[in-house]
Amino acid sequence: KDMSIKLHYFPLRGRGHPIRLLLKHAKVAYEEVIVVFPDWFKVKWEYEFGVLPVLEMEGKQFSQMRAILRLLGKRHGYYPADEMEAYEVDCLMDAMDDWLMSVAMKYVVPKQFLKKPKEEWEKSLPAINDSINKMLTNLEGRMTKSGSKYLVGDKITIADFVFLTYAGSYTSLNPVFNADWNFDNFKDFPKLKEFYDR
């Protein structure tokens, strides 16, 4: 039986990266199968639902980032057994995904894919910065209230892998944000900064 693991995704962080982080943290060997954008529409329907990431494992294709994370999380100890902690993990992953999609639709899509003039997408930057501040304020508050070093409970979970990915994505986009707040410094979020820098 083939026990190899292959992660199929594009050459970027995005929704594939939390899975990479989990596999690396769990010391699970895997192979990256990079799908380049010019080839995507040729191979799209070779994948279930026509989406990536896809994890190829045990002779099967596993689809959808959060479903894959939950499966791997249960196998490797990153998904809580406690139902309320499991709810918190799922809630945070959904909220962070909504947050990412909002930024993508306001900034990434018009700038990178639709090639809109700068004056069109630049107008969204104050709202993007505001949404980032609100989300990080929520996460910082949760960590402060719980006294934990992690987003949920007392050990790392799949929600933390999602946060570390999305925080890194925004950090890499920081030069385009024209507000005076520097995301790299997490200046108002000491608990998140400590966690991100670890």
# chains A, B, ... in the order shown; residues from 1 in each chain; ligands from 1
>>> closest_atom_pairs(of="region 32-119 of chain A", to="region 17-28 of chain A", cutoff="8 Å", atoms="only C-alpha atoms", output="tab-separated table")
residue	atom	partner	partner_atom	distance
A:Met65	CA	A:Ile19	CA	7.4
A:Ile68	CA	A:Ile19	CA	7.6
A:Leu69	CA	A:Ile19	CA	6.3
A:Leu72	CA	A:Leu22	CA	7.9
A:Gly73	CA	A:Leu22	CA	7.9
A:His76	CA	A:Ala26	CA	6.7
>>> write_last_selection(atoms="all heavy atoms", output="PDB file, in the first residue's frame")
ATOM      1  N   MET A  65      -9.504  22.766   2.462  1.00  0.00           N
ATOM      2  CA  MET A  65      -8.478  23.049   3.461  1.00  0.00           C
ATOM      3  C   MET A  65      -8.900  22.683   4.880  1.00  0.00           C
ATOM      4  O   MET A  65      -8.202  21.961   5.592  1.00  0.00           O
ATOM      5  CB  MET A  65      -8.095  24.537   3.426  1.00  0.00           C
ATOM      6  CG  MET A  65      -7.073  24.935   4.491  1.00  0.00           C
ATOM      7  SD  MET A  65      -6.921  26.724   4.689  1.00  0.00           S
ATOM      8  CE  MET A  65      -8.365  27.095   5.705  1.00  0.00           C
ATOM      9  N   ILE A  68      -9.382  18.940   5.470  1.00  0.00           N
ATOM     10  CA  ILE A  68      -8.067  18.280   5.530  1.00  0.00           C
ATOM     11  C   ILE A  68      -7.403  18.559   6.871  1.00  0.00           C
ATOM     12  O   ILE A  68      -6.845  17.654   7.511  1.00  0.00           O
ATOM     13  CB  ILE A  68      -7.168  18.747   4.374  1.00  0.00           C
ATOM     14  CG1 ILE A  68      -7.739  18.295   3.026  1.00  0.00           C
ATOM     15  CG2 ILE A  68      -5.743  18.228   4.546  1.00  0.00           C
ATOM     16  CD1 ILE A  68      -7.059  18.943   1.825  1.00  0.00           C
ATOM     17  N   LEU A  69      -7.453  19.815   7.318  1.00  0.00           N
ATOM     18  CA  LEU A  69      -6.845  20.167   8.596  1.00  0.00           C
ATOM     19  C   LEU A  69      -7.492  19.405   9.753  1.00  0.00           C
ATOM     20  O   LEU A  69      -6.804  18.941  10.666  1.00  0.00           O
ATOM     21  CB  LEU A  69      -6.953  21.678   8.832  1.00  0.00           C
ATOM     22  CG  LEU A  69      -6.019  22.567   8.013  1.00  0.00           C
ATOM     23  CD1 LEU A  69      -6.374  24.026   8.218  1.00  0.00           C
ATOM     24  CD2 LEU A  69      -4.552  22.313   8.372  1.00  0.00           C
ATOM     25  N   LEU A  72      -6.249  15.696   9.575  1.00  0.00           N
ATOM     26  CA  LEU A  72      -4.866  15.585  10.038  1.00  0.00           C
ATOM     27  C   LEU A  72      -4.745  15.985  11.503  1.00  0.00           C
ATOM     28  O   LEU A  72      -3.951  15.414  12.258  1.00  0.00           O
ATOM     29  CB  LEU A  72      -3.947  16.444   9.175  1.00  0.00           C
ATOM     30  CG  LEU A  72      -3.789  16.017   7.709  1.00  0.00           C
ATOM     31  CD1 LEU A  72      -2.938  17.030   6.951  1.00  0.00           C
ATOM     32  CD2 LEU A  72      -3.182  14.623   7.602  1.00  0.00           C
ATOM     33  N   GLY A  73      -5.525  16.992  11.889  1.00  0.00           N
ATOM     34  CA  GLY A  73      -5.492  17.438  13.277  1.00  0.00           C
ATOM     35  C   GLY A  73      -5.904  16.343  14.246  1.00  0.00           C
ATOM     36  O   GLY A  73      -5.304  16.169  15.311  1.00  0.00           O
ATOM     37  N   HIS A  76      -3.037  13.727  14.395  1.00  0.00           N
ATOM     38  CA  HIS A  76      -1.737  14.117  14.944  1.00  0.00           C
ATOM     39  C   HIS A  76      -1.836  14.987  16.201  1.00  0.00           C
ATOM     40  O   HIS A  76      -0.826  15.553  16.638  1.00  0.00           O
ATOM     41  CB  HIS A  76      -0.927  14.833  13.866  1.00  0.00           C
ATOM     42  CG  HIS A  76      -0.638  13.976  12.672  1.00  0.00           C
ATOM     43  ND1 HIS A  76       0.265  12.930  12.714  1.00  0.00           N
ATOM     44  CD2 HIS A  76      -1.155  13.980  11.414  1.00  0.00           C
ATOM     45  CE1 HIS A  76       0.307  12.337  11.526  1.00  0.00           C
ATOM     46  NE2 HIS A  76      -0.541  12.942  10.726  1.00  0.00           N
TER      47      HIS A  76
END
>>> select_by_dssp(residues="region 33-188 of chain A", states="strand (DSSP E)", output="list in words")
Val33, Ile34, Val54, Leu55, Glu56, Met57, Lys60, Gln61, Phe62 and Ser63 of chain A
>>> closest_residue(among="A:Ala104, A:Val89, A:Ala81, A:Leu192", to="Leu136 (chain A)", atoms="only C-alpha atoms")
A:Leu192
>>> select_by_dssp(residues="region 61-180 of chain A", states="helix (DSSP H, G or I)", output="ChimeraX atom specification")
/A:65-76,83-113,118-122,125-146,158-176
>>> write_last_selection(atoms="C-alpha atoms", output="mmCIF file, in the first residue's frame")
data_model
loop_
_atom_site.group_PDB
_atom_site.id
_atom_site.type_symbol
_atom_site.label_atom_id
_atom_site.label_comp_id
_atom_site.auth_asym_id
_atom_site.auth_seq_id
_atom_site.Cartn_x
_atom_site.Cartn_y
_atom_site.Cartn_z
ATOM 1 C CA MET A 65 -8.478 23.049 3.461
ATOM 2 C CA ARG A 66 -10.433 22.955 6.709
ATOM 3 C CA ALA A 67 -11.656 19.378 6.201
ATOM 4 C CA ILE A 68 -8.067 18.280 5.530
ATOM 5 C CA LEU A 69 -6.845 20.167 8.596
ATOM 6 C CA ARG A 70 -9.483 18.543 10.805
ATOM 7 C CA LEU A 71 -8.597 15.072 9.504
ATOM 8 C CA LEU A 72 -4.866 15.585 10.038
ATOM 9 C CA GLY A 73 -5.492 17.438 13.277
ATOM 10 C CA LYS A 74 -7.366 14.478 14.733
ATOM 11 C CA ARG A 75 -4.639 12.084 13.624
ATOM 12 C CA HIS A 76 -1.737 14.117 14.944
ATOM 13 C CA GLU A 83 -16.422 19.739 21.935
ATOM 14 C CA MET A 84 -16.396 23.389 23.073
ATOM 15 C CA GLU A 85 -12.704 23.788 22.230
ATOM 16 C CA ALA A 86 -13.385 22.082 18.888
ATOM 17 C CA TYR A 87 -16.166 24.643 18.289
ATOM 18 C CA GLU A 88 -13.767 27.499 19.092
ATOM 19 C CA VAL A 89 -11.191 26.109 16.643
ATOM 20 C CA ASP A 90 -13.783 25.750 13.873
ATOM 21 C CA CYS A 91 -15.271 29.183 14.613
ATOM 22 C CA LEU A 92 -11.882 30.905 14.410
ATOM 23 C CA MET A 93 -10.943 29.126 11.181
ATOM 24 C CA ASP A 94 -14.228 30.193 9.564
ATOM 25 C CA ALA A 95 -13.820 33.773 10.802
ATOM 26 C CA MET A 96 -10.233 34.029 9.537
ATOM 27 C CA ASP A 97 -11.273 32.601 6.177
ATOM 28 C CA ASP A 98 -14.059 35.211 5.880
ATOM 29 C CA TRP A 99 -11.461 37.851 6.758
ATOM 30 C CA LEU A 100 -9.025 36.635 4.107
ATOM 31 C CA MET A 101 -11.715 36.460 1.415
ATOM 32 C CA SER A 102 -12.823 39.996 2.206
ATOM 33 C CA VAL A 103 -9.296 41.301 1.704
ATOM 34 C CA ALA A 104 -8.834 39.188 -1.415
ATOM 35 C CA MET A 105 -11.977 40.596 -3.026
ATOM 36 C CA LYS A 106 -11.121 44.192 -2.101
ATOM 37 C CA TYR A 107 -7.421 44.144 -2.900
ATOM 38 C CA VAL A 108 -5.886 40.989 -4.385
ATOM 39 C CA VAL A 109 -8.500 40.342 -7.088
ATOM 40 C CA PRO A 110 -8.785 43.897 -8.460
ATOM 41 C CA LYS A 111 -5.034 44.560 -8.286
ATOM 42 C CA GLN A 112 -3.452 41.240 -9.205
ATOM 43 C CA PHE A 113 -6.062 39.568 -11.404
ATOM 44 C CA LYS A 118 -4.299 51.899 -8.669
ATOM 45 C CA GLU A 119 -6.816 54.587 -7.724
ATOM 46 C CA GLU A 120 -9.601 51.975 -7.726
ATOM 47 C CA TRP A 121 -8.102 49.357 -5.387
ATOM 48 C CA GLU A 122 -6.158 51.880 -3.295
ATOM 49 C CA LEU A 125 -6.768 50.045 1.851
ATOM 50 C CA PRO A 126 -8.106 51.984 4.875
ATOM 51 C CA ALA A 127 -10.980 49.487 5.193
ATOM 52 C CA ILE A 128 -8.537 46.582 4.878
ATOM 53 C CA ASN A 129 -6.309 47.991 7.604
ATOM 54 C CA ASP A 130 -9.362 48.535 9.796
ATOM 55 C CA SER A 131 -10.524 44.944 9.290
ATOM 56 C CA ILE A 132 -7.047 43.633 10.132
ATOM 57 C CA ASN A 133 -6.985 45.676 13.348
ATOM 58 C CA LYS A 134 -10.444 44.435 14.373
ATOM 59 C CA MET A 135 -9.595 40.795 13.736
ATOM 60 C CA LEU A 136 -6.281 40.976 15.590
ATOM 61 C CA THR A 137 -7.929 42.830 18.478
ATOM 62 C CA ASN A 138 -10.387 39.930 18.770
ATOM 63 C CA LEU A 139 -7.619 37.303 18.701
ATOM 64 C CA GLU A 140 -5.418 39.232 21.161
ATOM 65 C CA GLY A 141 -8.397 39.557 23.507
ATOM 66 C CA ARG A 142 -9.030 35.826 23.396
ATOM 67 C CA MET A 143 -5.423 35.048 24.305
ATOM 68 C CA THR A 144 -5.389 37.642 27.058
ATOM 69 C CA LYS A 145 -8.606 36.292 28.579
ATOM 70 C CA SER A 146 -7.499 32.660 28.466
ATOM 71 C CA ILE A 158 -5.124 23.767 13.476
ATOM 72 C CA ALA A 159 -6.532 27.257 14.145
ATOM 73 C CA ASP A 160 -3.010 28.406 15.007
ATOM 74 C CA PHE A 161 -1.661 27.071 11.709
ATOM 75 C CA VAL A 162 -4.343 29.064 9.869
ATOM 76 C CA PHE A 163 -3.512 32.229 11.827
ATOM 77 C CA LEU A 164 0.231 31.891 11.204
ATOM 78 C CA THR A 165 -0.426 31.482 7.474
ATOM 79 C CA TYR A 166 -2.779 34.416 7.111
ATOM 80 C CA ALA A 167 -0.657 36.668 9.322
ATOM 81 C CA GLY A 168 2.346 35.842 7.160
ATOM 82 C CA SER A 169 0.360 36.576 4.016
ATOM 83 C CA TYR A 170 -0.611 40.014 5.282
ATOM 84 C CA THR A 171 2.916 40.712 6.456
ATOM 85 C CA SER A 172 4.152 40.051 2.924
ATOM 86 C CA LEU A 173 1.510 42.445 1.576
ATOM 87 C CA ASN A 174 2.345 45.146 4.111
ATOM 88 C CA PRO A 175 4.233 47.493 1.720
ATOM 89 C CA VAL A 176 0.981 48.192 -0.156
#
>>> residues_around(residues="Phe195 (chain A)", least_positions_apart="5", cutoff="9 Å", atoms="only C-alpha atoms", output="VMD selection string")
chain A and resid 149 to 150 164 190
>>> residues_around(residues="Lys44 (chain A)", least_positions_apart="3", cutoff="12 Å", atoms="only C-alpha atoms", output="JSON, numbers by chain")
{"A": [8, 9, 10, 35, 36, 37, 38, 39, 40, 41, 47, 48, 49, 50, 51, 52, 53, 54]}
>>> residues_around(residues="Leu55 (chain A)", least_positions_apart="6", cutoff="7 Å", atoms="only C-alpha atoms", output="MDAnalysis selection string")
chainID A and resid 6:8 61:63
>>> atom_distance(atom1="CA of Arg13 (chain A)", atom2="CA of Leu151 (chain A)")
20.7 Å
